file protein17.pdb (PDB, C-alpha atoms, pLDDT in the B column)
MODEL        1
ATOM      1  CA  MET A 415      57.913  41.762  86.306  1.00 73.00           C
ATOM      2  CA  PRO A 416      61.022  42.120  88.480  1.00 76.00           C
ATOM      3  CA  GLU A 417      60.450  40.974  92.079  1.00 85.00           C
ATOM      4  CA  SER A 418      61.735  44.336  93.317  1.00 89.00           C
ATOM      5  CA  VAL A 419      59.067  46.263  91.401  1.00 93.00           C
ATOM      6  CA  LYS A 420      55.492  46.782  92.559  1.00 95.00           C
ATOM      7  CA  PRO A 421      52.903  48.350  90.225  1.00 96.00           C
ATOM      8  CA  VAL A 422      51.138  51.490  91.369  1.00 96.00           C
ATOM      9  CA  SER A 423      47.577  51.046  92.595  1.00 95.00           C
ATOM     10  CA  ASP A 424      44.697  53.450  91.913  1.00 93.00           C
ATOM     11  CA  PHE A 425      45.934  53.653  88.319  1.00 96.00           C
ATOM     12  CA  GLU A 426      43.596  55.616  86.024  1.00 96.00           C
ATOM     13  CA  LEU A 427      44.055  54.646  82.390  1.00 96.00           C
ATOM     14  CA  ASN A 428      42.143  57.642  81.037  1.00 96.00           C
ATOM     15  CA  ASN A 429      44.666  59.946  82.729  1.00 97.00           C
ATOM     16  CA  TYR A 430      47.561  57.908  81.291  1.00 97.00           C
ATOM     17  CA  LEU A 431      46.373  58.020  77.682  1.00 97.00           C
ATOM     18  CA  GLY A 432      47.965  60.429  75.220  1.00 98.00           C
ATOM     19  CA  LYS A 433      51.525  61.381  74.370  1.00 98.00           C
ATOM     20  CA  TRP A 434      54.579  60.785  76.562  1.00 98.00           C
ATOM     21  CA  TYR A 435      58.202  61.791  75.969  1.00 98.00           C
ATOM     22  CA  GLU A 436      60.967  59.341  76.780  1.00 97.00           C
ATOM     23  CA  ILE A 437      63.435  61.115  79.068  1.00 97.00           C
ATOM     24  CA  ALA A 438      65.706  58.208  80.009  1.00 97.00           C
ATOM     25  CA  ARG A 439      65.979  54.484  79.256  1.00 96.00           C
ATOM     26  CA  LEU A 440      68.197  51.466  79.443  1.00 95.00           C
ATOM     27  CA  ASP A 441      69.608  50.504  76.048  1.00 90.00           C
ATOM     28  CA  HIS A 442      67.850  47.975  73.792  1.00 86.00           C
ATOM     29  CA  SER A 443      68.280  47.013  70.168  1.00 79.00           C
ATOM     30  CA  PHE A 444      64.769  48.179  69.299  1.00 81.00           C
ATOM     31  CA  GLU A 445      65.532  51.746  70.439  1.00 87.00           C
ATOM     32  CA  ARG A 446      69.274  51.916  69.810  1.00 87.00           C
ATOM     33  CA  GLY A 447      70.374  55.201  68.249  1.00 88.00           C
ATOM     34  CA  LEU A 448      66.938  56.808  68.478  1.00 92.00           C
ATOM     35  CA  SER A 449      66.332  60.337  69.715  1.00 94.00           C
ATOM     36  CA  GLN A 450      63.112  62.352  70.113  1.00 95.00           C
ATOM     37  CA  VAL A 451      61.389  59.172  71.302  1.00 95.00           C
ATOM     38  CA  THR A 452      57.708  59.383  72.185  1.00 96.00           C
ATOM     39  CA  ALA A 453      55.009  56.908  73.142  1.00 96.00           C
ATOM     40  CA  GLU A 454      51.345  57.492  72.444  1.00 97.00           C
ATOM     41  CA  TYR A 455      48.577  55.511  74.132  1.00 97.00           C
ATOM     42  CA  SER A 456      44.917  55.311  73.102  1.00 98.00           C
ATOM     43  CA  ILE A 457      41.954  52.972  73.701  1.00 97.00           C
ATOM     44  CA  ARG A 458      41.454  50.055  71.305  1.00 96.00           C
ATOM     45  CA  ASN A 459      38.035  48.829  70.163  1.00 94.00           C
ATOM     46  CA  ASP A 460      38.546  45.630  72.185  1.00 94.00           C
ATOM     47  CA  GLY A 461      39.135  47.600  75.401  1.00 90.00           C
ATOM     48  CA  GLY A 462      42.906  47.234  75.296  1.00 94.00           C
ATOM     49  CA  VAL A 463      45.442  49.989  74.778  1.00 97.00           C
ATOM     50  CA  SER A 464      46.962  50.919  71.430  1.00 97.00           C
ATOM     51  CA  VAL A 465      50.668  51.801  71.654  1.00 96.00           C
ATOM     52  CA  LEU A 466      52.573  53.873  69.103  1.00 96.00           C
ATOM     53  CA  ASN A 467      56.285  54.359  69.775  1.00 95.00           C
ATOM     54  CA  ARG A 468      58.190  56.780  67.573  1.00 96.00           C
ATOM     55  CA  GLY A 469      61.811  57.909  67.426  1.00 95.00           C
ATOM     56  CA  TYR A 470      64.251  59.569  65.067  1.00 95.00           C
ATOM     57  CA  SER A 471      67.264  57.636  63.759  1.00 93.00           C
ATOM     58  CA  GLU A 472      70.148  60.060  63.228  1.00 89.00           C
ATOM     59  CA  ASP A 473      72.125  57.395  61.331  1.00 90.00           C
ATOM     60  CA  LYS A 474      69.380  56.742  58.806  1.00 92.00           C
ATOM     61  CA  GLY A 475      67.907  60.243  58.809  1.00 92.00           C
ATOM     62  CA  GLU A 476      64.384  58.910  59.246  1.00 94.00           C
ATOM     63  CA  TRP A 477      61.631  58.308  61.768  1.00 96.00           C
ATOM     64  CA  LYS A 478      61.047  54.788  63.083  1.00 94.00           C
ATOM     65  CA  GLU A 479      57.682  53.643  64.396  1.00 94.00           C
ATOM     66  CA  ALA A 480      56.483  50.570  66.248  1.00 93.00           C
ATOM     67  CA  GLU A 481      52.808  49.828  66.832  1.00 94.00           C
ATOM     68  CA  GLY A 482      51.706  47.553  69.632  1.00 94.00           C
ATOM     69  CA  LYS A 483      48.863  46.645  71.925  1.00 96.00           C
ATOM     70  CA  ALA A 484      48.594  46.305  75.679  1.00 96.00           C
ATOM     71  CA  TYR A 485      46.156  44.760  78.135  1.00 96.00           C
ATOM     72  CA  PHE A 486      45.849  44.846  81.908  1.00 96.00           C
ATOM     73  CA  VAL A 487      47.261  41.752  83.601  1.00 96.00           C
ATOM     74  CA  ASN A 488      45.120  42.025  86.729  1.00 92.00           C
ATOM     75  CA  SER A 489      42.848  44.893  87.693  1.00 92.00           C
ATOM     76  CA  PRO A 490      42.631  48.021  85.501  1.00 92.00           C
ATOM     77  CA  THR A 491      43.425  50.007  88.653  1.00 94.00           C
ATOM     78  CA  ASP A 492      46.892  48.390  88.845  1.00 95.00           C
ATOM     79  CA  GLY A 493      49.637  49.876  86.678  1.00 96.00           C
ATOM     80  CA  TYR A 494      50.535  46.416  85.368  1.00 96.00           C
ATOM     81  CA  LEU A 495      49.996  45.639  81.700  1.00 95.00           C
ATOM     82  CA  LYS A 496      51.307  43.190  79.136  1.00 95.00           C
ATOM     83  CA  VAL A 497      52.409  44.723  75.848  1.00 93.00           C
ATOM     84  CA  SER A 498      53.107  43.190  72.460  1.00 92.00           C
ATOM     85  CA  PHE A 499      54.743  44.520  69.321  1.00 88.00           C
ATOM     86  CA  PHE A 500      55.248  41.074  67.776  1.00 81.00           C
ATOM     87  CA  GLY A 501      52.131  38.942  67.366  1.00 75.00           C
ATOM     88  CA  PRO A 502      51.354  36.722  70.355  1.00 76.00           C
ATOM     89  CA  PHE A 503      54.523  37.594  72.302  1.00 81.00           C
ATOM     90  CA  TYR A 504      53.890  39.795  75.340  1.00 85.00           C
ATOM     91  CA  GLY A 505      56.207  41.479  77.826  1.00 89.00           C
ATOM     92  CA  SER A 506      55.494  43.210  81.120  1.00 91.00           C
ATOM     93  CA  TYR A 507      54.840  46.950  81.254  1.00 95.00           C
ATOM     94  CA  VAL A 508      54.854  48.020  84.893  1.00 96.00           C
ATOM     95  CA  VAL A 509      54.246  51.584  86.071  1.00 97.00           C
ATOM     96  CA  PHE A 510      55.983  51.592  89.468  1.00 96.00           C
ATOM     97  CA  GLU A 511      55.909  55.327  90.184  1.00 97.00           C
ATOM     98  CA  LEU A 512      53.595  58.022  88.925  1.00 97.00           C
ATOM     99  CA  ASP A 513      52.649  61.630  89.491  1.00 95.00           C
ATOM    100  CA  ARG A 514      49.142  60.682  90.626  1.00 90.00           C
ATOM    101  CA  GLU A 515      47.850  64.241  90.697  1.00 92.00           C
ATOM    102  CA  ASN A 516      48.685  65.354  87.153  1.00 94.00           C
ATOM    103  CA  TYR A 517      50.071  62.216  85.492  1.00 97.00           C
ATOM    104  CA  SER A 518      53.035  64.341  84.403  1.00 97.00           C
ATOM    105  CA  TYR A 519      55.699  61.620  84.793  1.00 98.00           C
ATOM    106  CA  ALA A 520      55.885  57.832  85.062  1.00 98.00           C
ATOM    107  CA  PHE A 521      58.627  55.350  85.965  1.00 98.00           C
ATOM    108  CA  VAL A 522      58.171  52.163  83.927  1.00 97.00           C
ATOM    109  CA  SER A 523      59.782  48.720  84.089  1.00 96.00           C
ATOM    110  CA  GLY A 524      59.662  45.829  81.678  1.00 93.00           C
ATOM    111  CA  PRO A 525      59.839  42.085  82.431  1.00 91.00           C
ATOM    112  CA  ASN A 526      63.183  42.335  84.255  1.00 92.00           C
ATOM    113  CA  THR A 527      65.681  44.924  85.511  1.00 93.00           C
ATOM    114  CA  GLY A 528      67.143  45.269  82.025  1.00 93.00           C
ATOM    115  CA  TYR A 529      64.121  47.329  80.945  1.00 93.00           C
ATOM    116  CA  LEU A 530      63.527  50.786  82.391  1.00 96.00           C
ATOM    117  CA  TRP A 531      62.034  54.083  81.213  1.00 96.00           C
ATOM    118  CA  LEU A 532      61.312  57.545  82.556  1.00 98.00           C
ATOM    119  CA  LEU A 533      58.371  59.062  80.698  1.00 98.00           C
ATOM    120  CA  SER A 534      57.126  62.638  80.920  1.00 98.00           C
ATOM    121  CA  ARG A 535      54.335  64.700  79.397  1.00 98.00           C
ATOM    122  CA  THR A 536      56.948  67.306  78.505  1.00 96.00           C
ATOM    123  CA  PRO A 537      60.301  66.949  76.660  1.00 97.00           C
ATOM    124  CA  THR A 538      62.214  67.773  79.866  1.00 95.00           C
ATOM    125  CA  VAL A 539      61.743  67.114  83.583  1.00 96.00           C
ATOM    126  CA  GLU A 540      62.798  68.948  86.708  1.00 95.00           C
ATOM    127  CA  ALA A 541      66.047  67.779  88.293  1.00 96.00           C
ATOM    128  CA  GLY A 542      64.153  66.501  91.358  1.00 96.00           C
ATOM    129  CA  ILE A 543      62.088  64.089  89.268  1.00 97.00           C
ATOM    130  CA  LEU A 544      65.195  62.773  87.530  1.00 96.00           C
ATOM    131  CA  GLU A 545      66.955  62.295  90.884  1.00 97.00           C
ATOM    132  CA  LYS A 546      63.913  60.461  92.280  1.00 97.00           C
ATOM    133  CA  PHE A 547      63.833  58.216  89.190  1.00 98.00           C
ATOM    134  CA  VAL A 548      67.509  57.305  89.500  1.00 98.00           C
ATOM    135  CA  GLN A 549      67.272  56.698  93.257  1.00 97.00           C
ATOM    136  CA  MET A 550      64.092  54.579  93.128  1.00 96.00           C
ATOM    137  CA  SER A 551      65.389  52.602  90.153  1.00 97.00           C
ATOM    138  CA  LYS A 552      68.751  51.935  91.794  1.00 97.00           C
ATOM    139  CA  GLU A 553      66.999  50.751  94.983  1.00 96.00           C
ATOM    140  CA  ARG A 554      65.046  48.247  92.859  1.00 96.00           C
ATOM    141  CA  GLY A 555      68.153  46.753  91.265  1.00 96.00           C
ATOM    142  CA  PHE A 556      68.323  48.630  87.951  1.00 97.00           C
ATOM    143  CA  ASP A 557      71.802  49.551  86.677  1.00 97.00           C
ATOM    144  CA  THR A 558      71.287  53.306  86.591  1.00 96.00           C
ATOM    145  CA  ASN A 559      74.896  53.845  85.461  1.00 97.00           C
ATOM    146  CA  GLN A 560      73.785  52.508  82.065  1.00 96.00           C
ATOM    147  CA  LEU A 561      70.920  54.976  81.596  1.00 96.00           C
ATOM    148  CA  ILE A 562      70.672  56.776  78.278  1.00 94.00           C
ATOM    149  CA  TYR A 563      69.276  60.299  78.454  1.00 95.00           C
ATOM    150  CA  VAL A 564      67.175  60.871  75.377  1.00 93.00           C
ATOM    151  CA  GLN A 565      67.704  63.959  73.244  1.00 91.00           C
ATOM    152  CA  GLN A 566      64.256  65.457  72.627  1.00 88.00           C
ATOM    153  CA  GLN A 567      65.179  68.365  70.351  1.00 78.00           C
TER     154      GLN A 567
ENDMDL
END

call {"tool": "encode", "arguments": {"input": "protein17.pdb", "output": "structure tokens"}}
result
Amino acid sequence: MPESVKPVSDFELNNYLGKWYEIARLDHSFERGLSQVTAEYSIRNDGGVSVLNRGYSEDKGEWKEAEGKAYFVNSPTDGYLKVSFFGPFYGSYVVFELDRENYSYAFVSGPNTGYLWLLSRTPTVEAGILEKFVQMSKERGFDTNQLIYVQQQ
């Protein structure tokens, strides 16, 4: 987890479960060229979290999916998990800002400032949420000039 990022406390997994739309991200090979990206979270039999990421590849004209698993690093009330899509290799998944009342948006970091996402329960967000995301991310050392805004239609 980046030193500049602190996970939210009073995190409630049951409120976080379900489908999220990716609104913005920093570029990575595993998502490159994908639009209509969503993430779906559900409880695993072993108490962890099942992760299903899905996005549409315009170039290939097909949907891409990646299934993973996540587990809390410390307390389940901290928004700090480790996630894996490749066997025993885990990376940080840190929720550093959240709409605590409705769980309608989340700002998420990976293991360093090269990984950043804005997730929302809806395919679009209000301008104020986007501005807050950019400002908070920039303050924490993320290169917000490199953000990709995900087409959801």

call {"tool": "residues_around", "arguments": {"input": "protein17.pdb", "residues": "stretch 498-506 of chain A", "least_positions_apart": "5", "cutoff": "9 Å", "atoms": "all atoms listed in the file", "output": "PyMOL selection string"}}
result
chain A and resi 415+465+480-484+487+523-526

call {"tool": "atom_distance", "arguments": {"input": "protein17.pdb", "atom1": "atom CA of A:Ser449", "atom2": "atom CA of A:Gly528"}}
result
19.5 Å

call {"tool": "closest_residue", "arguments": {"input": "protein17.pdb", "among": "A:Thr491, A:Thr538, A:Gln549, A:Asn459", "to": "A:Tyr563", "atoms": "only C-alpha atoms"}}
result
A:Thr538

call {"tool": "resolve_selection", "arguments": {"input": "protein17.pdb", "expression": "the PyMOL selection byres ((chain A and resi 559-561) around 6)", "output": "VMD selection string"}}
result
chain A and resid 439 to 440 557 to 558 562

call {"tool": "closest_residue", "arguments": {"input": "protein17.pdb", "among": "A:Asp473, A:Glu553, A:Glu479, A:Glu426", "to": "A:Glu454", "atoms": "all atoms listed in the file"}}
result
A:Glu479

call {"tool": "closest_residue", "arguments": {"input": "protein17.pdb", "among": "A:Ser489, A:Ser534, A:Ser551, A:Gln567", "to": "A:Asp424", "atoms": "only C-alpha atoms"}}
result
A:Ser489

call {"tool": "atom_distance", "arguments": {"input": "protein17.pdb", "atom1": "atom CA of A:Asp460", "atom2": "atom CA of A:Thr536"}}
result
29.1 Å

call {"tool": "resolve_selection", "arguments": {"input": "protein17.pdb", "expression": "the PyMOL selection byres ((chain A and resi 434) around 8)", "output": "list in words"}}
result
Gly432, Lys433, Tyr435, Glu436, Thr452, Ala453, Glu454, Leu533, Ser534, Arg535 and Thr536 of chain A

call {"tool": "write_last_selection", "arguments": {"input": "protein17.pdb", "atoms": "C-alpha atoms", "output": "PDB file, in the frame of the given file"}}
result
ATOM      1  CA  GLY A 432      47.965  60.429  75.220  1.00 98.00           C
ATOM      2  CA  LYS A 433      51.525  61.381  74.370  1.00 98.00           C
ATOM      3  CA  TYR A 435      58.202  61.791  75.969  1.00 98.00           C
ATOM      4  CA  GLU A 436      60.967  59.341  76.780  1.00 97.00           C
ATOM      5  CA  THR A 452      57.708  59.383  72.185  1.00 96.00           C
ATOM      6  CA  ALA A 453      55.009  56.908  73.142  1.00 96.00           C
ATOM      7  CA  GLU A 454      51.345  57.492  72.444  1.00 97.00           C
ATOM      8  CA  LEU A 533      58.371  59.062  80.698  1.00 98.00           C
ATOM      9  CA  SER A 534      57.126  62.638  80.920  1.00 98.00           C
ATOM     10  CA  ARG A 535      54.335  64.700  79.397  1.00 98.00           C
ATOM     11  CA  THR A 536      56.948  67.306  78.505  1.00 96.00           C
TER      12      THR A 536
END

call {"tool": "closest_residue", "arguments": {"input": "protein17.pdb", "among": "A:Glu445, A:Glu545, A:Glu472, A:Asp492", "to": "A:Pro421", "atoms": "only C-alpha atoms"}}
result
A:Asp492

call {"tool": "residues_around", "arguments": {"input": "protein17.pdb", "residues": "A:Leu512", "least_positions_apart": "6", "cutoff": "7 Å", "atoms": "all atoms listed in the file", "output": "PDB file with C-alpha atoms, keeping the file's coordinate frame"}}
result
ATOM      1  CA  TYR A 519      55.699  61.620  84.793  1.00 98.00           C
ATOM      2  CA  ALA A 520      55.885  57.832  85.062  1.00 98.00           C
ATOM      3  CA  PHE A 521      58.627  55.350  85.965  1.00 98.00           C
TER       4      PHE A 521
END

call {"tool": "atom_distance", "arguments": {"input": "protein17.pdb", "atom1": "atom CA of A:Gln450", "atom2": "atom CA of A:Val564"}}
result
6.8 Å

call {"tool": "decode", "arguments": {"input": "protein17.pdb", "residues": "stretch 435-548 of chain A", "atoms": "C-alpha atoms", "output": "CSV table (one decimal), in the first residue's frame"}}
result
chain,number,residue,atom,x,y,z
A,435,TYR,CA,-18.8,0.4,-12.4
A,436,GLU,CA,-15.3,1.6,-13.1
A,437,ILE,CA,-15.5,5.3,-13.8
A,438,ALA,CA,-11.8,6.1,-14.0
A,439,ARG,CA,-8.4,4.3,-13.7
A,440,LEU,CA,-4.8,4.5,-14.3
A,441,ASP,CA,-3.7,2.4,-17.3
A,442,HIS,CA,-2.5,-1.3,-16.9
A,443,SER,CA,-2.0,-4.1,-19.4
A,444,PHE,CA,-4.7,-6.2,-17.8
A,445,GLU,CA,-7.3,-3.5,-18.5
A,446,ARG,CA,-5.9,-1.8,-21.6
A,447,GLY,CA,-8.5,-1.1,-24.3
A,448,LEU,CA,-11.4,-2.2,-22.1
A,449,SER,CA,-14.6,-0.3,-21.8
A,450,GLN,CA,-17.8,-1.0,-19.9
A,451,VAL,CA,-15.7,-2.3,-17.0
A,452,THR,CA,-17.4,-3.6,-13.9
A,453,ALA,CA,-16.3,-5.4,-10.7
A,454,GLU,CA,-18.6,-7.7,-8.8
A,455,TYR,CA,-17.9,-8.8,-5.2
A,456,SER,CA,-19.5,-11.6,-3.3
A,457,ILE,CA,-18.7,-13.8,-0.2
A,458,ARG,CA,-16.7,-16.9,-0.7
A,459,ASN,CA,-17.3,-20.1,1.2
A,460,ASP,CA,-14.0,-19.6,3.1
A,461,GLY,CA,-15.0,-16.2,4.3
A,462,GLY,CA,-13.0,-14.3,1.7
A,463,VAL,CA,-14.4,-12.2,-1.2
A,464,SER,CA,-14.9,-13.4,-4.7
A,465,VAL,CA,-14.0,-10.9,-7.4
A,466,LEU,CA,-15.3,-10.9,-10.9
A,467,ASN,CA,-13.9,-8.1,-13.2
A,468,ARG,CA,-15.5,-7.8,-16.6
A,469,GLY,CA,-14.8,-5.4,-19.6
A,470,TYR,CA,-15.5,-5.1,-23.3
A,471,SER,CA,-12.6,-5.2,-25.7
A,472,GLU,CA,-13.5,-3.0,-28.7
A,473,ASP,CA,-10.5,-4.4,-30.7
A,474,LYS,CA,-11.5,-8.0,-30.3
A,475,GLY,CA,-15.2,-7.4,-30.2
A,476,GLU,CA,-15.6,-9.6,-27.1
A,477,TRP,CA,-16.0,-9.5,-23.3
A,478,LYS,CA,-13.0,-10.2,-21.1
A,479,GLU,CA,-13.3,-11.6,-17.6
A,480,ALA,CA,-10.9,-12.1,-14.7
A,481,GLU,CA,-11.9,-14.0,-11.6
A,482,GLY,CA,-10.0,-13.4,-8.3
A,483,LYS,CA,-10.2,-13.7,-4.6
A,484,ALA,CA,-9.6,-11.2,-1.8
A,485,TYR,CA,-9.0,-11.4,2.0
A,486,PHE,CA,-8.7,-8.7,4.7
A,487,VAL,CA,-5.2,-7.9,5.6
A,488,ASN,CA,-6.0,-6.7,9.1
A,489,SER,CA,-9.4,-6.1,10.6
A,490,PRO,CA,-12.6,-6.6,8.5
A,491,THR,CA,-13.6,-3.1,9.5
A,492,ASP,CA,-10.5,-1.7,7.6
A,493,GLY,CA,-10.9,-1.2,3.9
A,494,TYR,CA,-7.6,-3.0,3.3
A,495,LEU,CA,-7.6,-6.3,1.4
A,496,LYS,CA,-5.2,-8.4,-0.6
A,497,VAL,CA,-6.4,-9.6,-3.9
A,498,SER,CA,-5.2,-12.3,-6.3
A,499,PHE,CA,-6.0,-13.2,-9.8
A,500,PHE,CA,-2.9,-15.4,-10.3
A,501,GLY,CA,-2.5,-18.2,-7.9
A,502,PRO,CA,-0.5,-17.3,-4.7
A,503,PHE,CA,0.4,-13.8,-5.9
A,504,TYR,CA,-1.5,-11.1,-4.0
A,505,GLY,CA,-1.6,-7.3,-4.4
A,506,SER,CA,-3.0,-4.6,-2.2
A,507,TYR,CA,-6.6,-3.4,-2.6
A,508,VAL,CA,-7.1,-0.3,-0.5
A,509,VAL,CA,-10.4,1.6,-0.2
A,510,PHE,CA,-9.2,5.1,0.9
A,511,GLU,CA,-12.4,7.0,0.4
A,512,LEU,CA,-16.0,5.9,0.5
A,513,ASP,CA,-19.5,7.2,0.6
A,514,ARG,CA,-20.1,5.7,4.0
A,515,GLU,CA,-23.8,6.4,4.0
A,516,ASN,CA,-24.9,4.7,0.8
A,517,TYR,CA,-21.7,3.0,-0.5
A,518,SER,CA,-22.4,4.7,-3.8
A,519,TYR,CA,-18.7,5.4,-4.7
A,520,ALA,CA,-15.3,4.2,-3.7
A,521,PHE,CA,-11.7,5.4,-4.3
A,522,VAL,CA,-9.4,2.4,-4.5
A,523,SER,CA,-5.6,2.1,-4.6
A,524,GLY,CA,-3.4,-0.8,-5.4
A,525,PRO,CA,0.1,-1.7,-4.0
A,526,ASN,CA,1.6,1.6,-5.2
A,527,THR,CA,0.6,5.0,-6.8
A,528,GLY,CA,0.6,3.3,-10.2
A,529,TYR,CA,-2.8,1.7,-9.4
A,530,LEU,CA,-5.9,3.8,-8.9
A,531,TRP,CA,-9.6,3.4,-9.5
A,532,LEU,CA,-12.9,5.3,-9.0
A,533,LEU,CA,-15.8,2.9,-8.6
A,534,SER,CA,-19.5,3.7,-8.5
A,535,ARG,CA,-22.7,1.9,-8.2
A,536,THR,CA,-24.0,3.7,-11.3
A,537,PRO,CA,-22.3,4.1,-14.7
A,538,THR,CA,-21.8,7.8,-14.2
A,539,VAL,CA,-21.0,10.0,-11.2
A,540,GLU,CA,-21.7,13.6,-10.3
A,541,ALA,CA,-19.0,16.1,-11.2
A,542,GLY,CA,-18.4,16.8,-7.5
A,543,ILE,CA,-17.4,13.2,-6.8
A,544,LEU,CA,-15.1,13.1,-9.8
A,545,GLU,CA,-13.4,16.4,-8.7
A,546,LYS,CA,-13.0,15.0,-5.1
A,547,PHE,CA,-11.5,11.8,-6.5
A,548,VAL,CA,-9.0,13.7,-8.7
